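Engineer: File follows, start-v5.cif with mmCIF, C-alpha atoms:
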```cif
data_coords
loop_
_atom_site.group_PDB
_atom_site.id
_atom_site.type_symbol
_atom_site.label_atom_id
_atom_site.label_comp_id
_atom_site.auth_asym_id
_atom_site.auth_seq_id
_atom_site.Cartn_x
_atom_site.Cartn_y
_atom_site.Cartn_z
ATOM 1 C CA MET A 29 20.990 13.309 22.207
ATOM 2 C CA ALA A 30 24.534 14.654 22.594
ATOM 3 C CA VAL A 31 24.944 18.366 23.261
ATOM 4 C CA ARG A 32 27.224 20.100 20.767
ATOM 5 C CA ASN A 33 30.011 22.336 22.019
ATOM 6 C CA LEU A 34 29.773 25.445 19.862
ATOM 7 C CA THR A 35 32.109 28.390 19.277
ATOM 8 C CA PHE A 36 30.943 31.690 17.782
ATOM 9 C CA ALA A 37 33.799 33.706 16.223
ATOM 10 C CA VAL A 38 32.839 37.383 15.919
ATOM 11 C CA GLY A 39 34.377 39.692 13.321
ATOM 12 C CA ASP A 40 35.561 43.304 13.594
ATOM 13 C CA ILE A 41 33.188 45.370 15.760
ATOM 14 C CA HIS A 42 34.852 48.816 15.511
ATOM 15 C CA GLY A 43 32.725 50.560 18.098
ATOM 16 C CA CYS A 44 29.371 49.349 16.722
ATOM 17 C CA LEU A 45 27.738 48.674 20.090
ATOM 18 C CA ASP A 46 24.154 48.316 18.855
ATOM 19 C CA GLU A 47 25.195 45.728 16.288
ATOM 20 C CA LEU A 48 27.197 43.841 18.925
ATOM 21 C CA ARG A 49 24.217 43.651 21.252
ATOM 22 C CA SER A 50 22.022 42.447 18.399
ATOM 23 C CA LEU A 51 24.484 39.731 17.396
ATOM 24 C CA LEU A 52 24.925 38.551 20.990
ATOM 25 C CA ASP A 53 21.148 38.225 21.253
ATOM 26 C CA GLN A 54 21.208 35.976 18.192
ATOM 27 C CA ILE A 55 24.061 33.920 19.601
ATOM 28 C CA GLU A 56 22.326 33.366 22.931
ATOM 29 C CA ALA A 57 19.116 32.406 21.131
ATOM 30 C CA TYR A 58 21.020 29.844 19.032
ATOM 31 C CA THR A 59 22.071 27.634 21.945
ATOM 32 C CA ALA A 60 21.844 27.621 25.736
ATOM 33 C CA THR A 61 25.611 27.500 26.331
ATOM 34 C CA GLY A 62 28.741 28.059 24.273
ATOM 35 C CA ARG A 63 31.848 30.102 23.692
ATOM 36 C CA VAL A 64 32.251 33.452 21.964
ATOM 37 C CA ILE A 65 35.608 34.532 20.536
ATOM 38 C CA PHE A 66 35.979 38.186 19.615
ATOM 39 C CA LEU A 67 38.632 38.360 16.883
ATOM 40 C CA GLY A 68 39.898 41.870 17.671
ATOM 41 C CA ASP A 69 39.334 45.409 16.406
ATOM 42 C CA LEU A 70 36.758 46.174 19.044
ATOM 43 C CA ILE A 71 37.539 49.876 18.749
ATOM 44 C CA ASP A 72 38.020 52.819 16.339
ATOM 45 C CA ARG A 73 35.905 54.335 13.551
ATOM 46 C CA GLY A 74 32.524 53.476 15.055
ATOM 47 C CA PRO A 75 30.417 55.544 17.480
ATOM 48 C CA ASN A 76 30.888 53.731 20.800
ATOM 49 C CA SER A 77 34.247 52.019 21.265
ATOM 50 C CA ARG A 78 34.129 52.577 25.009
ATOM 51 C CA GLY A 79 30.740 50.874 25.271
ATOM 52 C CA VAL A 80 31.978 47.894 23.263
ATOM 53 C CA VAL A 81 35.053 47.460 25.466
ATOM 54 C CA GLU A 82 33.028 47.802 28.659
ATOM 55 C CA LEU A 83 30.467 45.234 27.505
ATOM 56 C CA ILE A 84 33.101 42.663 26.535
ATOM 57 C CA MET A 85 35.236 43.249 29.629
ATOM 58 C CA ALA A 86 32.171 42.654 31.807
ATOM 59 C CA GLY A 87 31.793 39.178 30.317
ATOM 60 C CA PRO A 88 28.693 37.084 29.676
ATOM 61 C CA LYS A 89 25.639 37.629 31.858
ATOM 62 C CA ARG A 90 24.202 34.156 31.336
ATOM 63 C CA PRO A 91 25.704 31.053 32.984
ATOM 64 C CA GLY A 92 27.268 28.453 30.725
ATOM 65 C CA TRP A 93 28.951 30.954 28.432
ATOM 66 C CA ILE A 94 32.656 31.703 27.990
ATOM 67 C CA TRP A 95 33.983 34.791 26.221
ATOM 68 C CA SER A 96 37.531 35.091 24.869
ATOM 69 C CA THR A 97 39.020 38.133 23.157
ATOM 70 C CA LEU A 98 41.992 38.424 20.807
ATOM 71 C CA LYS A 99 43.959 41.582 20.111
ATOM 72 C CA GLY A 100 43.456 43.359 16.783
ATOM 73 C CA ASN A 101 45.671 45.833 14.976
ATOM 74 C CA HIS A 102 43.502 48.742 16.136
ATOM 75 C CA GLU A 103 44.004 47.803 19.790
ATOM 76 C CA GLU A 104 47.721 47.612 19.002
ATOM 77 C CA MET A 105 47.654 51.078 17.400
ATOM 78 C CA LEU A 106 45.931 52.560 20.445
ATOM 79 C CA LEU A 107 48.417 50.931 22.804
ATOM 80 C CA GLY A 108 51.330 52.212 20.749
ATOM 81 C CA ALA A 109 49.903 55.728 20.725
ATOM 82 C CA ALA A 110 49.267 55.630 24.482
ATOM 83 C CA SER A 111 52.788 54.399 25.277
ATOM 84 C CA GLY A 112 54.563 56.695 22.831
ATOM 85 C CA GLU A 113 55.939 53.764 20.846
ATOM 86 C CA SER A 114 54.049 54.750 17.689
ATOM 87 C CA ASP A 115 52.647 57.866 16.074
ATOM 88 C CA VAL A 116 49.509 59.229 17.727
ATOM 89 C CA ASP A 117 48.357 60.928 14.507
ATOM 90 C CA TRP A 118 48.498 57.620 12.644
ATOM 91 C CA TRP A 119 46.075 56.095 15.136
ATOM 92 C CA LEU A 120 43.825 59.163 15.148
ATOM 93 C CA MET A 121 43.562 59.139 11.357
ATOM 94 C CA ASN A 122 42.584 55.461 11.426
ATOM 95 C CA GLY A 123 39.587 55.842 13.698
ATOM 96 C CA GLY A 124 41.218 56.903 16.930
ATOM 97 C CA GLU A 125 39.398 60.242 16.960
ATOM 98 C CA GLU A 126 36.064 58.474 17.298
ATOM 99 C CA THR A 127 37.462 56.295 20.072
ATOM 100 C CA LEU A 128 38.762 59.299 22.007
ATOM 101 C CA ALA A 129 35.390 60.986 21.648
ATOM 102 C CA SER A 130 33.641 57.960 23.146
ATOM 103 C CA TYR A 131 36.038 58.139 26.109
ATOM 104 C CA ARG A 132 35.623 61.922 26.375
ATOM 105 C CA GLY A 133 39.291 62.482 25.623
ATOM 106 C CA VAL A 134 41.067 59.995 27.884
ATOM 107 C CA VAL A 135 41.095 56.228 27.447
ATOM 108 C CA SER A 136 40.766 54.406 30.755
ATOM 109 C CA GLY A 137 44.018 52.995 32.107
ATOM 110 C CA ARG A 138 42.145 49.864 33.163
ATOM 111 C CA HIS A 139 40.943 49.401 29.595
ATOM 112 C CA LEU A 140 44.446 49.906 28.220
ATOM 113 C CA ALA A 141 45.837 47.297 30.609
ATOM 114 C CA TRP A 142 43.140 44.840 29.561
ATOM 115 C CA MET A 143 43.862 45.393 25.865
ATOM 116 C CA GLN A 144 47.578 44.931 26.508
ATOM 117 C CA SER A 145 46.873 41.554 28.119
ATOM 118 C CA LEU A 146 44.919 40.172 25.161
ATOM 119 C CA PRO A 147 46.475 37.214 23.320
ATOM 120 C CA LEU A 148 47.263 37.397 19.618
ATOM 121 C CA ILE A 149 46.225 33.914 18.525
ATOM 122 C CA LEU A 150 44.331 30.848 19.665
ATOM 123 C CA VAL A 151 45.489 27.515 18.241
ATOM 124 C CA GLU A 152 43.243 24.517 18.866
ATOM 125 C CA ARG A 153 42.972 20.907 17.731
ATOM 126 C CA PHE A 154 40.884 21.717 14.666
ATOM 127 C CA ARG A 155 41.185 25.490 14.238
ATOM 128 C CA ILE A 156 43.276 28.640 14.416
ATOM 129 C CA PHE A 157 41.604 31.871 15.528
ATOM 130 C CA VAL A 158 43.498 35.121 14.905
ATOM 131 C CA HIS A 159 42.729 38.704 13.968
ATOM 132 C CA ALA A 160 44.310 39.085 10.526
ATOM 133 C CA GLY A 161 45.672 35.706 9.517
ATOM 134 C CA VAL A 162 48.825 33.627 9.411
ATOM 135 C CA ASP A 163 51.551 32.956 6.877
ATOM 136 C CA GLU A 164 51.206 29.300 5.995
ATOM 137 C CA THR A 165 54.605 29.334 4.203
ATOM 138 C CA GLN A 166 56.577 29.492 7.456
ATOM 139 C CA PRO A 167 56.334 27.632 10.776
ATOM 140 C CA LEU A 168 53.687 29.085 13.057
ATOM 141 C CA GLU A 169 56.082 29.334 16.007
ATOM 142 C CA ARG A 170 58.310 31.717 14.014
ATOM 143 C CA GLN A 171 55.501 34.177 13.327
ATOM 144 C CA ASP A 172 54.834 37.308 15.333
ATOM 145 C CA ALA A 173 52.407 40.175 15.911
ATOM 146 C CA GLU A 174 53.224 41.807 12.578
ATOM 147 C CA ILE A 175 51.733 38.820 10.762
ATOM 148 C CA PHE A 176 48.914 37.977 13.175
ATOM 149 C CA LEU A 177 47.650 41.583 13.287
ATOM 150 C CA TRP A 178 48.342 42.913 9.790
ATOM 151 C CA ILE A 179 48.626 40.240 7.092
ATOM 152 C CA ARG A 180 46.156 40.347 4.207
ATOM 153 C CA ARG A 181 45.512 37.686 1.600
ATOM 154 C CA PRO A 182 43.467 37.786 -1.619
ATOM 155 C CA ASP A 183 39.796 36.936 -1.167
ATOM 156 C CA ASP A 184 40.204 33.607 -2.977
ATOM 157 C CA HIS A 185 43.291 32.535 -1.011
ATOM 158 C CA SER A 186 43.471 29.417 1.151
ATOM 159 C CA GLY A 187 46.152 27.159 2.543
ATOM 160 C CA ASP A 188 46.686 23.958 4.509
ATOM 161 C CA TYR A 189 47.241 25.763 7.861
ATOM 162 C CA TRP A 190 48.928 22.704 9.358
ATOM 163 C CA GLY A 191 45.757 20.633 9.088
ATOM 164 C CA ARG A 192 43.553 23.217 10.787
ATOM 165 C CA HIS A 193 40.839 25.624 9.669
ATOM 166 C CA LEU A 194 41.764 29.321 9.880
ATOM 167 C CA CYS A 195 39.180 31.864 11.093
ATOM 168 C CA HIS A 196 39.977 35.595 11.065
ATOM 169 C CA GLY A 197 38.696 39.114 10.442
ATOM 170 C CA HIS A 198 40.659 42.287 9.527
ATOM 171 C CA THR A 199 39.942 42.360 5.778
ATOM 172 C CA PRO A 200 36.385 43.687 5.289
ATOM 173 C CA SER A 201 34.129 42.709 2.423
ATOM 174 C CA ARG A 202 30.399 42.835 1.768
ATOM 175 C CA ALA A 203 30.780 39.230 0.565
ATOM 176 C CA ASN A 204 31.724 38.146 4.095
ATOM 177 C CA PRO A 205 31.204 36.098 6.142
ATOM 178 C CA ARG A 206 32.424 33.396 3.819
ATOM 179 C CA THR A 207 34.619 30.333 3.672
ATOM 180 C CA VAL A 208 37.212 29.708 0.958
ATOM 181 C CA GLY A 209 38.876 26.330 1.289
ATOM 182 C CA ASN A 210 40.337 26.100 4.791
ATOM 183 C CA ARG A 211 39.867 29.800 5.599
ATOM 184 C CA THR A 212 36.876 31.759 6.932
ATOM 185 C CA ASN A 213 36.756 35.583 7.028
ATOM 186 C CA VAL A 214 34.077 37.076 9.290
ATOM 187 C CA ASP A 215 34.815 40.789 8.781
ATOM 188 C CA SER A 216 31.706 41.948 6.929
ATOM 189 C CA GLY A 217 32.438 45.672 7.384
ATOM 190 C CA ALA A 218 29.932 46.545 10.113
ATOM 191 C CA VAL A 219 31.429 50.002 10.619
ATOM 192 C CA PHE A 220 31.159 50.678 6.877
ATOM 193 C CA GLY A 221 27.450 49.874 6.749
ATOM 194 C CA GLY A 222 27.601 46.098 6.471
ATOM 195 C CA PRO A 223 26.380 43.565 9.023
ATOM 196 C CA LEU A 224 28.287 42.367 12.066
ATOM 197 C CA SER A 225 28.939 38.669 11.579
ATOM 198 C CA CYS A 226 30.104 35.538 13.304
ATOM 199 C CA ALA A 227 30.942 31.995 12.243
ATOM 200 C CA VAL A 228 29.553 29.052 14.192
ATOM 201 C CA PHE A 229 31.863 26.074 14.739
ATOM 202 C CA ASP A 230 31.278 22.652 16.264
ATOM 203 C CA ASP A 231 34.281 22.254 18.578
ATOM 204 C CA ASP A 232 34.290 18.469 18.258
ATOM 205 C CA THR A 233 34.182 18.366 14.466
ATOM 206 C CA PRO A 234 37.027 19.436 12.127
ATOM 207 C CA GLY A 235 36.541 21.779 9.196
ATOM 208 C CA GLY A 236 34.767 25.020 8.508
ATOM 209 C CA PRO A 237 31.751 26.630 10.126
ATOM 210 C CA ILE A 238 28.422 24.880 10.410
ATOM 211 C CA ASP A 239 26.571 28.181 10.186
ATOM 212 C CA PHE A 240 26.872 31.979 10.042
ATOM 213 C CA LEU A 241 24.971 34.590 12.017
ATOM 214 C CA LYS A 242 24.804 38.275 11.145
ATOM 215 C CA THR A 243 22.917 41.419 11.990
ATOM 216 C CA SER A 244 21.054 43.531 9.475
ATOM 217 C CA SER A 245 23.214 45.987 7.555
ATOM 218 C CA ARG A 246 22.832 49.728 7.900
ATOM 219 C CA LEU A 247 21.211 49.894 4.450
ATOM 220 C CA GLU A 248 18.644 47.298 5.503
ATOM 221 C CA ARG A 249 17.857 49.252 8.673
ATOM 222 C CA GLU A 250 17.438 52.474 6.716
#
```
Mind converting the file's structure to structure tokens?

Structural biologist:
Amino acid sequence: MAVRNLTFAVGDIHGCLDELRSLLDQIEAYTATGRVIFLGDLIDRGPNSRGVVELIMAGPKRPGWIWSTLKGNHEEMLLGAASGESDVDWWLMNGGEETLASYRGVVSGRHLAWMQSLPLILVERFRIFVHAGVDETQPLERQDAEIFLWIRRPDDHSGDYWGRHLCHGHTPSRANPRTVGNRTNVDSGAVFGGPLSCAVFDDDTPGGPIDFLKTSSRLERE
């Protein structure tokens, strides 16, 4: 029997370390080997951004696993605040205060350098992975960080995406994770009390996810 090559695309974590550990346990129980793609927004708003970054930077503990991480708009906001290129207060008001608290006031330079190195988008034979989305009305090669990190589409929106399936986070909803046409959104609002979610894809088969995994929501735990 052929072994499937699986990818698990994880939505916005936002400092929710306990939920991340729980979801990774589910992923590793699902299959012996595979790939995990973190779709950005590891930090801000939640209680332990530093712990999330440290866990992901350390990489998988089990052999046969590959982890890849994309940059989200919250990583971009932190980097802009740290470099002086954007307003520090804007970042702080959007969850940066919680991140600073987890770092005890100073974000590690090694962590900043790692975040700076993160790619914005991953384009594959059958799929596009990105934090916020893409603009299917213009060529992909003409698009930039402003679109990949910030674009939002209505919940019922889909597109052709150049013959690929689009998987992203960024726009939270209690209805997520869900697929609409050729688009899957895995931001289920973990930091707002929802579950942390991921979509499961068969790398050798085109189309949408073959499954979803998610943790319990905060309301379920309470």

Engineer: From the list A:Ala160, A:Pro205, A:Ser136, A:Phe154, which residue is nearest Thr233 (chain A) when using only C-alpha atoms?

Structural biologist: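 Between A:Ala160, A:Pro205, A:Ser136, A:Phe154, the residue approaching Thr233 (chain A) most closely is A:Phe154.
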
Engineer: Report as an MDAnalysis selection string all protein, DNA and RNA residues lying within 8 Å of Arg211 (chain A), evaluated on all atoms listed in the file, omitting residues in the same chain fewer than 3 positions from it.

Structural biologist: chainID A and resid 185:187 193:196 207:208 236

Engineer: Take the residues from that selection and put them in a file with C-alpha atoms, as a compact mmCIF listing (two decimals), keeping the file's coordinate frame.

Structural biologist:
```
# COMPACT_ATOMS: atom_id res chain seq x y z
CA HIS A 185 43.29 32.53 -1.01
CA SER A 186 43.47 29.42 1.15
CA GLY A 187 46.15 27.16 2.54
CA HIS A 193 40.84 25.62 9.67
CA LEU A 194 41.76 29.32 9.88
CA CYS A 195 39.18 31.86 11.09
CA HIS A 196 39.98 35.60 11.06
CA THR A 207 34.62 30.33 3.67
CA VAL A 208 37.21 29.71 0.96
CA GLY A 236 34.77 25.02 8.51
```

Engineer: In Å to one decimal, how far is CA of Phe36 (chain A) from CA of Phe229 (chain A)?

Structural biologist: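 Computing the Euclidean distance for CA of Phe229 (chain A) and CA of Phe36 (chain A) yields 6.5 Å.
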
Engineer: Let me make sure I understand: among A:Val80, A:Leu34, A:Leu146, A:Leu51, which one has the smallest atom-to-atom distance to Leu224 (chain A) if we use only C-alpha atoms?

Structural biologist: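 Looking only at the distances to Leu224 (chain A), the closest residue turns out to be A:Leu51.
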
Engineer: So, with all atoms listed in the file as the atoms that count, which of A:Leu168, A:Val81, A:Ile71, A:Leu98 lies closest to Gly124 (chain A)?

Structural biologist: A:Ile71

Engineer: A:Leu128, A:Gly235, A:Cys226, A:Val214: which is nearest Asp188 (chain A), counting all atoms listed in the file?

Structural biologist: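 That would be A:Gly235, the residue with the smallest distance to Asp188 (chain A).
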
Engineer: On this file, the PyMOL selection byres ((chain A and resi 90) around 12) gives some set of residues; write that set as a ChimeraX atom specification.

Structural biologist: /A:52-53,55-57,59-63,86-89,91-95

Engineer: Please, what distance in Å, to one decimal, runs between CA of Arg202 (chain A) and CA of Val219 (chain A)?

Structural biologist: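 Distance reported for this atom pair: 11.4 Å.
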
Engineer: What gap, in Å, lies between CA of Trp142 (chain A) and CA of Ile84 (chain A)?

Structural biologist: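 Separation of CA of Trp142 (chain A) and CA of Ile84 (chain A): 10.7 Å.
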
Engineer: To verify the selection step, state as a PyMOL selection string which residues the PyMOL selection byres ((chain A and resi 109-118) around 12) yields on this input.

Structural biologist: chain A and resi 102-108+119-125+128+134-137+139-141+143-144

Engineer: Any chance you could work out the residue set of the PyMOL selection byres ((chain A and resi 175-181) around 7) here, as a PDB file with C-alpha atoms, in the coordinates of the input?

Structural biologist:
```pdb
ATOM      1  CA  GLY A 100      43.456  43.359  16.783  1.00  0.00           C
ATOM      2  CA  ASN A 101      45.671  45.833  14.976  1.00  0.00           C
ATOM      3  CA  LEU A 148      47.263  37.397  19.618  1.00  0.00           C
ATOM      4  CA  VAL A 158      43.498  35.121  14.905  1.00  0.00           C
ATOM      5  CA  HIS A 159      42.729  38.704  13.968  1.00  0.00           C
ATOM      6  CA  ALA A 160      44.310  39.085  10.526  1.00  0.00           C
ATOM      7  CA  GLY A 161      45.672  35.706   9.517  1.00  0.00           C
ATOM      8  CA  VAL A 162      48.825  33.627   9.411  1.00  0.00           C
ATOM      9  CA  GLN A 171      55.501  34.177  13.327  1.00  0.00           C
ATOM     10  CA  ASP A 172      54.834  37.308  15.333  1.00  0.00           C
ATOM     11  CA  ALA A 173      52.407  40.175  15.911  1.00  0.00           C
ATOM     12  CA  GLU A 174      53.224  41.807  12.578  1.00  0.00           C
ATOM     13  CA  PRO A 182      43.467  37.786  -1.619  1.00  0.00           C
ATOM     14  CA  ASP A 183      39.796  36.936  -1.167  1.00  0.00           C
ATOM     15  CA  HIS A 185      43.291  32.535  -1.011  1.00  0.00           C
ATOM     16  CA  THR A 199      39.942  42.360   5.778  1.00  0.00           C
TER      17      THR A 199
END
```

Engineer: Any chance you could model all heavy atoms for region 229-240 of chain A and send them as a PDB file, in the coordinates of the input?

Structural biologist:
```pdb
ATOM      1  N   PHE A 229      31.077  27.297  14.897  1.00  0.00           N
ATOM      2  CA  PHE A 229      31.863  26.074  14.739  1.00  0.00           C
ATOM      3  C   PHE A 229      31.442  25.036  15.771  1.00  0.00           C
ATOM      4  O   PHE A 229      31.142  25.369  16.925  1.00  0.00           O
ATOM      5  CB  PHE A 229      33.355  26.363  14.938  1.00  0.00           C
ATOM      6  CG  PHE A 229      33.961  27.252  13.884  1.00  0.00           C
ATOM      7  CD1 PHE A 229      34.084  28.618  14.115  1.00  0.00           C
ATOM      8  CD2 PHE A 229      34.408  26.735  12.686  1.00  0.00           C
ATOM      9  CE1 PHE A 229      34.643  29.455  13.150  1.00  0.00           C
ATOM     10  CE2 PHE A 229      34.966  27.557  11.714  1.00  0.00           C
ATOM     11  CZ  PHE A 229      35.088  28.917  11.951  1.00  0.00           C
ATOM     12  N   ASP A 230      31.440  23.778  15.356  1.00  0.00           N
ATOM     13  CA  ASP A 230      31.278  22.652  16.264  1.00  0.00           C
ATOM     14  C   ASP A 230      32.680  22.273  16.749  1.00  0.00           C
ATOM     15  O   ASP A 230      33.520  21.823  15.970  1.00  0.00           O
ATOM     16  CB  ASP A 230      30.624  21.480  15.530  1.00  0.00           C
ATOM     17  CG  ASP A 230      30.320  20.301  16.439  1.00  0.00           C
ATOM     18  OD1 ASP A 230      31.027  20.124  17.452  1.00  0.00           O
ATOM     19  OD2 ASP A 230      29.381  19.545  16.137  1.00  0.00           O
ATOM     20  N   ASP A 231      32.929  22.453  18.043  1.00  0.00           N
ATOM     21  CA  ASP A 231      34.281  22.254  18.578  1.00  0.00           C
ATOM     22  C   ASP A 231      34.782  20.831  18.412  1.00  0.00           C
ATOM     23  O   ASP A 231      35.996  20.592  18.409  1.00  0.00           O
ATOM     24  CB  ASP A 231      34.308  22.616  20.068  1.00  0.00           C
ATOM     25  CG  ASP A 231      34.065  24.092  20.318  1.00  0.00           C
ATOM     26  OD1 ASP A 231      34.144  24.876  19.357  1.00  0.00           O
ATOM     27  OD2 ASP A 231      33.782  24.452  21.479  1.00  0.00           O
ATOM     28  N   ASP A 232      33.898  19.875  18.308  1.00  0.00           N
ATOM     29  CA  ASP A 232      34.290  18.469  18.258  1.00  0.00           C
ATOM     30  C   ASP A 232      34.385  17.918  16.847  1.00  0.00           C
ATOM     31  O   ASP A 232      34.642  16.727  16.665  1.00  0.00           O
ATOM     32  CB  ASP A 232      33.290  17.631  19.064  1.00  0.00           C
ATOM     33  CG  ASP A 232      33.218  18.089  20.513  1.00  0.00           C
ATOM     34  OD1 ASP A 232      34.288  18.281  21.117  1.00  0.00           O
ATOM     35  OD2 ASP A 232      32.096  18.272  21.026  1.00  0.00           O
ATOM     36  N   THR A 233      34.176  18.798  15.859  1.00  0.00           N
ATOM     37  CA  THR A 233      34.182  18.366  14.466  1.00  0.00           C
ATOM     38  C   THR A 233      35.155  19.222  13.665  1.00  0.00           C
ATOM     39  O   THR A 233      35.078  20.450  13.715  1.00  0.00           O
ATOM     40  CB  THR A 233      32.774  18.481  13.852  1.00  0.00           C
ATOM     41  OG1 THR A 233      31.852  17.732  14.646  1.00  0.00           O
ATOM     42  CG2 THR A 233      32.762  17.965  12.426  1.00  0.00           C
ATOM     43  N   PRO A 234      36.084  18.635  12.913  1.00  0.00           N
ATOM     44  CA  PRO A 234      37.027  19.436  12.127  1.00  0.00           C
ATOM     45  C   PRO A 234      36.335  20.134  10.961  1.00  0.00           C
ATOM     46  O   PRO A 234      35.202  19.815  10.587  1.00  0.00           O
ATOM     47  CB  PRO A 234      38.034  18.395  11.629  1.00  0.00           C
ATOM     48  CG  PRO A 234      37.293  17.093  11.634  1.00  0.00           C
ATOM     49  CD  PRO A 234      36.326  17.191  12.777  1.00  0.00           C
ATOM     50  N   GLY A 235      37.045  21.116  10.393  1.00  0.00           N
ATOM     51  CA  GLY A 235      36.541  21.779   9.196  1.00  0.00           C
ATOM     52  C   GLY A 235      35.988  23.158   9.472  1.00  0.00           C
ATOM     53  O   GLY A 235      36.186  23.746  10.533  1.00  0.00           O
ATOM     54  N   GLY A 236      35.281  23.663   8.471  1.00  0.00           N
ATOM     55  CA  GLY A 236      34.767  25.020   8.508  1.00  0.00           C
ATOM     56  C   GLY A 236      33.516  25.168   9.347  1.00  0.00           C
ATOM     57  O   GLY A 236      33.082  24.232  10.029  1.00  0.00           O
ATOM     58  N   PRO A 237      32.929  26.358   9.301  1.00  0.00           N
ATOM     59  CA  PRO A 237      31.751  26.630  10.126  1.00  0.00           C
ATOM     60  C   PRO A 237      30.536  25.818   9.706  1.00  0.00           C
ATOM     61  O   PRO A 237      30.370  25.474   8.538  1.00  0.00           O
ATOM     62  CB  PRO A 237      31.516  28.130   9.917  1.00  0.00           C
ATOM     63  CG  PRO A 237      32.204  28.467   8.637  1.00  0.00           C
ATOM     64  CD  PRO A 237      33.350  27.533   8.526  1.00  0.00           C
ATOM     65  N   ILE A 238      29.679  25.564  10.693  1.00  0.00           N
ATOM     66  CA  ILE A 238      28.422  24.880  10.410  1.00  0.00           C
ATOM     67  C   ILE A 238      27.315  25.881  10.126  1.00  0.00           C
ATOM     68  O   ILE A 238      26.238  25.505   9.654  1.00  0.00           O
ATOM     69  CB  ILE A 238      28.015  23.966  11.586  1.00  0.00           C
ATOM     70  CG1 ILE A 238      27.821  24.775  12.871  1.00  0.00           C
ATOM     71  CG2 ILE A 238      29.046  22.857  11.779  1.00  0.00           C
ATOM     72  CD1 ILE A 238      27.221  23.977  14.021  1.00  0.00           C
ATOM     73  N   ASP A 239      27.593  27.164  10.404  1.00  0.00           N
ATOM     74  CA  ASP A 239      26.571  28.181  10.186  1.00  0.00           C
ATOM     75  C   ASP A 239      27.216  29.563  10.299  1.00  0.00           C
ATOM     76  O   ASP A 239      28.348  29.699  10.796  1.00  0.00           O
ATOM     77  CB  ASP A 239      25.469  28.049  11.242  1.00  0.00           C
ATOM     78  CG  ASP A 239      24.124  28.614  10.786  1.00  0.00           C
ATOM     79  OD1 ASP A 239      24.074  29.237   9.697  1.00  0.00           O
ATOM     80  OD2 ASP A 239      23.132  28.437  11.518  1.00  0.00           O
ATOM     81  N   PHE A 240      26.502  30.573   9.830  1.00  0.00           N
ATOM     82  CA  PHE A 240      26.872  31.979  10.042  1.00  0.00           C
ATOM     83  C   PHE A 240      25.684  32.706  10.658  1.00  0.00           C
ATOM     84  O   PHE A 240      24.528  32.400  10.351  1.00  0.00           O
ATOM     85  CB  PHE A 240      27.222  32.668   8.720  1.00  0.00           C
ATOM     86  CG  PHE A 240      28.485  32.190   8.073  1.00  0.00           C
ATOM     87  CD1 PHE A 240      28.439  31.543   6.838  1.00  0.00           C
ATOM     88  CD2 PHE A 240      29.721  32.403   8.661  1.00  0.00           C
ATOM     89  CE1 PHE A 240      29.595  31.110   6.216  1.00  0.00           C
ATOM     90  CE2 PHE A 240      30.886  31.971   8.047  1.00  0.00           C
ATOM     91  CZ  PHE A 240      30.829  31.334   6.832  1.00  0.00           C
TER      92      PHE A 240
END
```
